[in-house]
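Chemist: Contents of work.txt (compact mmCIF, C-alpha atoms):
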# COMPACT_ATOMS: atom_id res chain seq x y z
CA MET A 1 0.00 0.00 0.00
CA THR A 2 1.20 3.51 -0.77
CA ASP A 3 2.53 5.40 2.27
CA VAL A 4 1.00 8.80 1.53
CA GLN A 5 2.32 10.42 4.73
CA ASN A 6 5.89 9.71 3.66
CA GLN A 7 5.48 11.34 0.27
CA PRO A 8 7.94 14.22 -0.23
CA ASP A 9 6.80 17.81 0.13
CA LYS A 10 8.51 20.63 -1.74
CA ARG A 11 7.02 23.68 0.01
CA GLY A 12 9.96 23.88 2.42
CA ILE A 13 7.97 24.42 5.65
CA LYS A 14 8.86 22.50 8.81
CA ILE A 15 5.75 22.13 11.00
CA LYS A 16 6.40 22.66 14.71
CA LYS A 17 3.34 20.75 15.94
CA THR A 18 1.10 18.25 14.18
CA GLY A 19 -0.80 15.36 15.70
CA VAL A 20 -4.02 14.53 17.52
CA THR A 21 -6.21 16.55 19.86
CA LYS A 22 -9.31 15.95 21.99
CA VAL A 23 -8.40 12.30 22.47
CA HIS A 24 -10.36 10.85 25.40
CA LEU A 25 -8.88 7.85 27.20
CA PRO A 26 -8.99 6.21 30.64
CA PHE A 27 -5.70 6.72 32.46
CA LEU A 28 -4.39 5.77 35.89
CA ILE A 29 -2.71 8.78 37.51
CA SER A 30 -0.24 8.02 40.30
CA ASP A 31 0.21 10.69 42.96
CA GLY A 32 2.71 9.21 45.37
CA GLU A 33 1.19 6.05 46.84
CA LYS A 34 -2.32 6.84 45.54
CA ILE A 35 -3.46 5.70 42.11
CA GLN A 36 -6.53 7.44 40.72
CA PRO A 37 -8.51 6.40 37.63
CA VAL A 38 -9.34 9.40 35.44
CA THR A 39 -10.82 10.17 32.05
CA ALA A 40 -8.19 12.24 30.27
CA GLN A 41 -8.45 14.61 27.33
CA ILE A 42 -5.17 14.62 25.43
CA GLN A 43 -3.38 16.68 22.83
CA PHE A 44 -0.31 14.87 21.46
CA THR A 45 1.84 16.40 18.73
CA VAL A 46 5.25 16.14 17.08
CA SER A 47 7.26 18.25 14.67
CA LEU A 48 7.27 17.34 10.98
CA ASP A 49 10.31 17.67 8.71
CA LYS A 50 9.92 20.11 5.83
CA ASN A 51 10.48 17.31 3.33
CA LEU A 52 7.59 15.12 4.56
CA ARG A 53 3.94 15.57 3.64
CA GLY A 54 2.34 14.24 6.84
CA THR A 55 2.95 12.51 10.17
CA HIS A 56 1.71 9.05 11.22
CA MET A 57 -1.07 10.01 13.64
CA SER A 58 -2.08 6.38 14.22
CA ARG A 59 1.29 5.85 15.92
CA LEU A 60 0.46 8.58 18.41
CA ALA A 61 -2.83 6.81 19.19
CA GLU A 62 -0.97 3.52 19.63
CA ILE A 63 1.46 5.08 22.11
CA LEU A 64 -1.38 6.55 24.17
CA THR A 65 -3.34 3.31 24.18
CA ASP A 66 -0.29 1.43 25.46
CA TRP A 67 -0.30 3.70 28.53
CA THR A 68 -3.95 3.17 29.49
CA SER A 69 -3.18 -0.01 31.44
CA ARG A 70 -0.35 1.22 33.68
CA PRO A 71 -0.17 4.00 36.30
CA ILE A 72 1.32 7.25 35.03
CA LYS A 73 3.62 9.24 37.29
CA ILE A 74 4.91 12.63 36.21
CA PRO A 75 8.34 11.21 35.13
CA ASP A 76 6.46 8.81 32.83
CA VAL A 77 5.37 11.76 30.69
CA GLU A 78 8.97 11.89 29.43
CA LYS A 79 8.79 8.19 28.49
CA ILE A 80 5.65 8.88 26.43
CA LEU A 81 7.44 11.69 24.61
CA LEU A 82 10.52 9.53 24.00
CA ASP A 83 8.24 6.90 22.45
CA ALA A 84 6.95 9.56 20.07
CA LEU A 85 10.44 10.75 19.12
CA GLU A 86 11.51 7.22 18.23
CA LYS A 87 8.36 5.84 16.61
CA LEU A 88 7.74 8.92 14.48
CA SER A 89 11.41 9.71 13.73
CA THR A 90 11.05 13.31 14.83
CA ASP A 91 13.09 15.73 16.92
CA PHE A 92 10.34 17.34 19.01
CA ALA A 93 7.21 16.09 20.79
CA THR A 94 4.73 17.64 23.19
CA ILE A 95 1.72 16.38 25.12
CA THR A 96 -1.02 17.86 27.28
CA ILE A 97 -3.01 15.47 29.48
CA ALA A 98 -6.02 17.16 31.09
CA PHE A 99 -8.17 15.44 33.73
CA LYS A 100 -10.19 15.88 36.91
CA PHE A 101 -8.12 15.05 39.99
CA PHE A 102 -10.05 14.29 43.17
CA VAL A 103 -8.83 15.35 46.61
CA GLU A 104 -10.40 13.84 49.71
CA LYS A 105 -11.87 16.47 52.01
CA LEU A 106 -12.96 16.06 55.63
CA SER A 107 -15.70 18.48 56.70
CA PRO A 108 -14.34 20.60 59.57
CA VAL A 109 -16.77 19.68 62.37
CA SER A 110 -18.78 16.60 61.42
CA GLU A 111 -15.69 15.05 59.76
CA LYS A 112 -17.69 13.66 56.85
CA LYS A 113 -15.57 12.48 53.93
CA SER A 114 -16.14 13.78 50.40
CA LEU A 115 -14.22 14.25 47.15
CA SER A 116 -13.40 17.63 45.65
CA ALA A 117 -12.64 17.82 41.91
CA VAL A 118 -9.68 19.88 40.70
CA ASP A 119 -8.87 20.50 37.03
CA CYS A 120 -5.35 19.26 36.38
CA GLU A 121 -2.97 19.26 33.40
CA PHE A 122 0.30 17.48 32.71
CA ILE A 123 2.14 19.45 30.01
CA GLY A 124 5.37 18.02 28.65
CA GLU A 125 7.75 19.07 25.86
CA LEU A 126 10.83 17.18 24.75
CA THR A 127 13.49 17.95 22.14
CA ARG A 128 15.67 15.06 21.02
CA GLY A 129 18.82 14.94 23.14
CA GLY A 130 17.38 17.35 25.68
CA ARG A 131 15.57 17.25 29.00
CA MET A 132 11.81 17.36 29.28
CA ASN A 133 10.16 20.67 30.11
CA PHE A 134 7.25 19.79 32.40
CA THR A 135 4.46 22.00 33.70
CA LEU A 136 1.77 21.07 36.19
CA GLY A 137 -1.43 23.05 35.67
CA LEU A 138 -4.08 23.29 38.40
CA ILE A 139 -7.36 25.16 38.88
CA VAL A 140 -8.10 25.22 42.61
CA PRO A 141 -11.38 26.60 44.07
CA PHE A 142 -11.88 28.30 47.44
CA THR A 143 -13.97 31.01 49.14
CA SER A 144 -13.02 34.69 49.39
CA LEU A 145 -14.63 37.32 51.61
CA CYS A 146 -14.30 41.04 50.90
CA PRO A 147 -12.42 43.03 53.60
CA CYS A 148 -13.97 46.32 52.44
CA SER A 149 -17.50 44.92 52.65
CA LYS A 150 -16.84 43.64 56.16
CA GLU A 151 -15.36 46.97 57.28
CA ILE A 152 -18.19 49.23 56.07
CA SER A 153 -21.18 46.99 56.84
CA GLU A 154 -23.03 46.93 60.16
CA PHE A 155 -23.36 43.18 59.79
CA GLY A 156 -22.30 40.60 57.26
CA ALA A 157 -19.96 40.83 54.30
CA HIS A 158 -20.21 39.66 50.71
CA ASN A 159 -18.27 36.57 49.77
CA GLN A 160 -17.91 34.48 46.64
CA ARG A 161 -16.40 31.40 45.13
CA SER A 162 -12.92 32.02 43.75
CA VAL A 163 -10.35 30.06 41.77
CA CYS A 164 -6.59 30.03 41.44
CA ARG A 165 -5.07 28.92 38.14
CA VAL A 166 -1.42 27.97 38.43
CA LYS A 167 1.26 26.69 36.08
CA LEU A 168 4.16 25.13 37.98
CA SER A 169 7.56 24.23 36.50
CA PHE A 170 10.02 22.01 38.36
CA LYS A 171 13.73 21.38 38.71
CA ASP A 172 13.20 17.67 39.43
CA PHE A 173 10.24 15.56 38.23
CA GLU A 174 10.46 12.90 40.94
CA ASN A 175 8.15 12.96 43.97
CA ILE A 176 5.88 15.79 42.82
CA SER A 177 2.59 15.60 44.73
CA ILE A 178 -0.51 17.01 43.03
CA GLU A 179 -2.48 16.88 46.28
CA LYS A 180 0.21 18.78 48.17
CA PHE A 181 -0.02 21.76 45.81
CA VAL A 182 -3.82 21.69 45.79
CA ARG A 183 -3.91 21.92 49.58
CA LEU A 184 -1.18 24.56 49.68
CA ILE A 185 -3.10 26.80 47.27
CA GLU A 186 -6.62 26.37 48.68
CA ALA A 187 -5.33 27.25 52.16
CA GLN A 188 -4.59 30.81 50.96
CA GLY A 189 -8.25 31.75 50.42
CA SER A 190 -10.57 33.09 53.08
CA ALA A 191 -11.91 29.56 53.59
CA GLU A 192 -11.83 26.18 51.90
CA ILE A 193 -14.67 24.78 49.81
CA PHE A 194 -16.19 21.43 50.81
CA PRO A 195 -18.47 19.21 48.67
CA LEU A 196 -20.27 17.95 51.79
CA LEU A 197 -21.25 20.20 54.70
CA LYS A 198 -23.65 19.52 57.58
CA ARG A 199 -25.19 22.48 59.43
CA GLU A 200 -22.40 22.65 62.00
CA ASP A 201 -19.82 22.62 59.20
CA GLU A 202 -21.58 25.39 57.29
CA LYS A 203 -21.53 27.54 60.42
CA PHE A 204 -17.83 26.86 60.90
CA VAL A 205 -16.86 27.65 57.27
CA THR A 206 -19.00 30.81 57.14
CA GLU A 207 -17.44 32.15 60.33
CA ALA A 208 -13.94 31.09 59.25
CA ALA A 209 -14.26 33.13 56.06
CA TYR A 210 -15.63 36.12 58.01
CA LYS A 211 -12.60 36.03 60.30
CA ASN A 212 -10.21 35.83 57.32
CA PRO A 213 -11.24 38.51 54.78
CA LYS A 214 -9.03 38.81 51.69
CA PHE A 215 -8.99 40.84 48.50
CA VAL A 216 -8.04 39.00 45.33
CA GLU A 217 -4.64 40.73 45.62
CA ASP A 218 -4.22 39.37 49.17
CA ILE A 219 -4.89 35.83 48.01
CA LEU A 220 -2.50 36.18 45.06
CA ARG A 221 0.32 37.49 47.24
CA ASP A 222 -0.16 34.75 49.83
CA ILE A 223 -0.04 32.10 47.11
CA VAL A 224 3.14 33.64 45.66
CA ILE A 225 4.79 33.59 49.10
CA SER A 226 3.79 29.96 49.65
CA LEU A 227 5.14 28.91 46.24
CA ARG A 228 8.43 30.73 46.83
CA GLY A 229 8.96 28.34 49.74
CA GLU A 230 8.88 25.28 47.46
CA LYS A 231 12.52 24.43 46.72
CA ASN A 232 11.76 22.19 43.73
CA LEU A 233 10.01 24.90 41.71
CA SER A 234 11.90 26.60 38.88
CA ALA A 235 9.07 28.93 37.79
CA PHE A 236 5.39 29.55 38.36
CA ALA A 237 2.52 31.60 36.97
CA VAL A 238 -0.54 32.39 39.09
CA GLU A 239 -3.97 33.83 38.27
CA CYS A 240 -6.64 34.48 40.90
CA GLU A 241 -10.24 35.28 40.03
CA ASN A 242 -13.14 36.11 42.34
CA PHE A 243 -16.61 35.54 40.87
CA GLU A 244 -18.12 38.59 42.51
CA SER A 245 -21.51 38.19 44.20
CA ILE A 246 -22.58 41.90 44.24
CA HIS A 247 -20.95 43.11 41.00
CA ASN A 248 -21.51 42.21 37.37
CA HIS A 249 -17.76 41.81 36.88
CA ASN A 250 -15.08 39.58 38.38
CA ALA A 251 -11.99 40.61 40.35
CA PHE A 252 -8.68 39.40 38.92
CA ALA A 253 -4.95 39.41 39.73
CA SER A 254 -1.96 37.57 38.25
CA HIS A 255 1.77 37.17 38.76
CA GLU A 256 4.62 35.01 37.45
CA GLU A 257 8.18 34.36 38.53
CA LYS A 258 11.28 32.44 37.58
CA ILE A 259 13.21 31.07 40.53
CA SER A 260 17.00 31.18 40.40
CA SER A 261 18.81 27.83 40.58
CA ASP A 262 20.52 28.78 43.85
CA ALA A 263 17.24 29.83 45.52
Could you spell out this file's structure in structure tokens?

Modeler:
Amino acid sequence: MTDVQNQPDKRGIKIKKTGVTKVHLPFLISDGEKIQPVTAQIQFTVSLDKNLRGTHMSRLAEILTDWTSRPIKIPDVEKILLDALEKLSTDFATITIAFKFFVEKLSPVSEKKSLSAVDCEFIGELTRGGRMNFTLGLIVPFTSLCPCSKEISEFGAHNQRSVCRVKLSFKDFENISIEKFVRLIEAQGSAEIFPLLKREDEKFVTEAAYKNPKFVEDILRDIVISLRGEKNLSAFAVECENFESIHNHNAFASHEEKISSDA
């Protein structure tokens, strides 16, 4: 049969990324000793030499399918990319694996167990002969309560659900805990969010937020300070957004940093 993908192309354009997107597969994500089944949405691409007409996208699907039966730790992302470099004879590969990661929460008074969903991304890039660039993406929800509203009101204060979107880059890919960073980030809001709350828990969380008012800028700065304390980070980008309850707009703040190697 004619191999159309390997036909020569004379337009002289090397393509940086070509491959498959919106691939949905069951994966097993390993976070330390915990293994969590997830449904992942994947984008998987490689570079294409200027002399070739097309890449072999079925080989990308084969690589992904091979990984559905074994737990994936963050260092395994590099193995997936190495597979792509070899099986598609290319010099660059990148992958984004997006999934819901569930963190066990214990309600503060009744101590009822529940699971909180966090949007998570593994983003890896690898150039032949180089070291993988890996980014962990997280979207972490929490509660914020407005300090200004509390100060000027005779009683009460407006609060809202908020999220932090982070992109974390690392010096070392071993022993990275997703759950650790989720808990570190959510602790910087006015209060945590819980999927399951009894009446006594609701009272506790409402009062905890009232005692800990924070502007979106306060939350951002506290997250930045907490991330600066993580020795394995090489860079991070943070966005905080409050979905305002008494305005028709949202409050937003962002910041990014590179961390020096001797930090």

Chemist: Using all atoms listed in the file, which of the listed residues (A:Glu256, A:Glu230, A:Glu186, A:Asp76) sits closest to Val118 of chain A?

Modeler: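 Result for the nearest residue to Val118 of chain A: A:Glu186.
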
Chemist: Which residues, protein or nucleic acid, reach to within 9 Å of (-9.3, 12.0, 49.3) in the file's coordinates when using only C-alpha atoms, and can you give that as a list in words?

Modeler: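 Nearby residues: Phe102, Val103, Glu104, Lys105, Leu106, Lys113, Ser114, Leu115, Ser116 and Glu179 of chain A.
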
Chemist: A:Glu241, A:Glu125, A:Asp83, A:Asp201: which is nearest Lys112 of chain A, counting only C-alpha atoms?

Modeler: A:Asp201

Chemist: Tell me which protein, DNA and RNA residues are within 9 Å of segment 84-98 of chain A, counting only C-alpha atoms, leaving out same-chain ones fewer than 6 positions away, and put them as a ChimeraX atom specification.

Modeler: /A:16-17,39-49,55-57,59-60,63,77,119-129,137

Chemist: I need the residue nearest Leu82 of chain A from this list: A:Pro195, A:Gly130, A:Pro37, A:Gly12. Use all atoms listed in the file for the distance.

Modeler: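 Under the stated criterion, the closest residue is A:Gly130.
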
Chemist: By how many Å are atom CA of Glu192 of chain A and atom CA of Lys171 of chain A apart?

Modeler: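 Value for the atom CA of Glu192 of chain A-atom CA of Lys171 of chain A distance: 29.2 Å.
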
Chemist: Measuring between only C-alpha atoms, which one of A:Val238, A:Glu33, A:Pro108, A:Ser153 shows the shortest distance to Phe204 of chain A?

Modeler: A:Pro108

Chemist: Give me the residues near Glu257 of chain A as JSON, numbers by chain, where near means some atom within 8 Å (using all atoms listed in the file) and where sequence neighbours in that chain fewer than 6 positions away do not count.

Modeler: {"A": [235, 236, 237]}

Chemist: For the selection just defined, write its residues with C-alpha atoms to a file, as a PDB file, in the coordinates of the input.

Modeler:
ATOM      1  CA  ALA A 235       9.070  28.930  37.790  1.00  0.00           C
ATOM      2  CA  PHE A 236       5.390  29.550  38.360  1.00  0.00           C
ATOM      3  CA  ALA A 237       2.520  31.600  36.970  1.00  0.00           C
TER       4      ALA A 237
END

Chemist: Pick from A:Val182, A:Leu138, A:Ala157, A:Ala251: nearest to Ser226 of chain A, with only C-alpha atoms counted?

Modeler: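 Nearest to Ser226 of chain A: A:Val182.
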
Chemist: Output as a compact mmCIF listing (two decimals), in the frame of the given file: segment 149-165 of chain A, completed with N, CA and C atoms.

Modeler:
# COMPACT_ATOMS: atom_id res chain seq x y z
N SER A 149 -16.10 45.16 52.31
CA SER A 149 -17.50 44.92 52.65
C SER A 149 -17.67 44.69 54.15
N LYS A 150 -16.78 43.92 54.72
CA LYS A 150 -16.84 43.64 56.16
C LYS A 150 -16.63 44.91 56.97
N GLU A 151 -15.72 45.76 56.52
CA GLU A 151 -15.36 46.97 57.28
C GLU A 151 -16.50 47.99 57.28
N ILE A 152 -17.20 48.15 56.17
CA ILE A 152 -18.19 49.23 56.07
C ILE A 152 -19.61 48.79 56.42
N SER A 153 -19.82 47.48 56.57
CA SER A 153 -21.18 46.99 56.84
C SER A 153 -21.43 46.85 58.33
N GLU A 154 -22.67 47.11 58.75
CA GLU A 154 -23.03 46.93 60.16
C GLU A 154 -23.06 45.45 60.52
N PHE A 155 -23.40 44.62 59.57
CA PHE A 155 -23.36 43.18 59.79
C PHE A 155 -23.19 42.49 58.44
N GLY A 156 -22.51 41.36 58.48
CA GLY A 156 -22.30 40.60 57.26
C GLY A 156 -21.20 41.15 56.38
N ALA A 157 -20.94 40.42 55.30
CA ALA A 157 -19.96 40.83 54.30
C ALA A 157 -20.18 39.95 53.08
N HIS A 158 -19.97 40.50 51.89
CA HIS A 158 -20.21 39.66 50.71
C HIS A 158 -19.01 38.75 50.47
N ASN A 159 -19.33 37.52 50.11
CA ASN A 159 -18.27 36.57 49.77
C ASN A 159 -18.64 35.86 48.47
N GLN A 160 -17.70 35.11 47.94
CA GLN A 160 -17.91 34.48 46.64
C GLN A 160 -16.97 33.30 46.47
N ARG A 161 -17.32 32.46 45.50
CA ARG A 161 -16.40 31.40 45.13
C ARG A 161 -15.29 32.02 44.28
N SER A 162 -14.09 31.53 44.47
CA SER A 162 -12.92 32.02 43.75
C SER A 162 -12.11 30.84 43.24
N VAL A 163 -11.25 31.11 42.26
CA VAL A 163 -10.35 30.06 41.77
C VAL A 163 -8.94 30.62 41.62
N CYS A 164 -7.98 29.73 41.77
CA CYS A 164 -6.59 30.03 41.44
C CYS A 164 -6.17 29.10 40.31
N ARG A 165 -5.63 29.69 39.25
CA ARG A 165 -5.07 28.92 38.14
C ARG A 165 -3.56 29.05 38.21
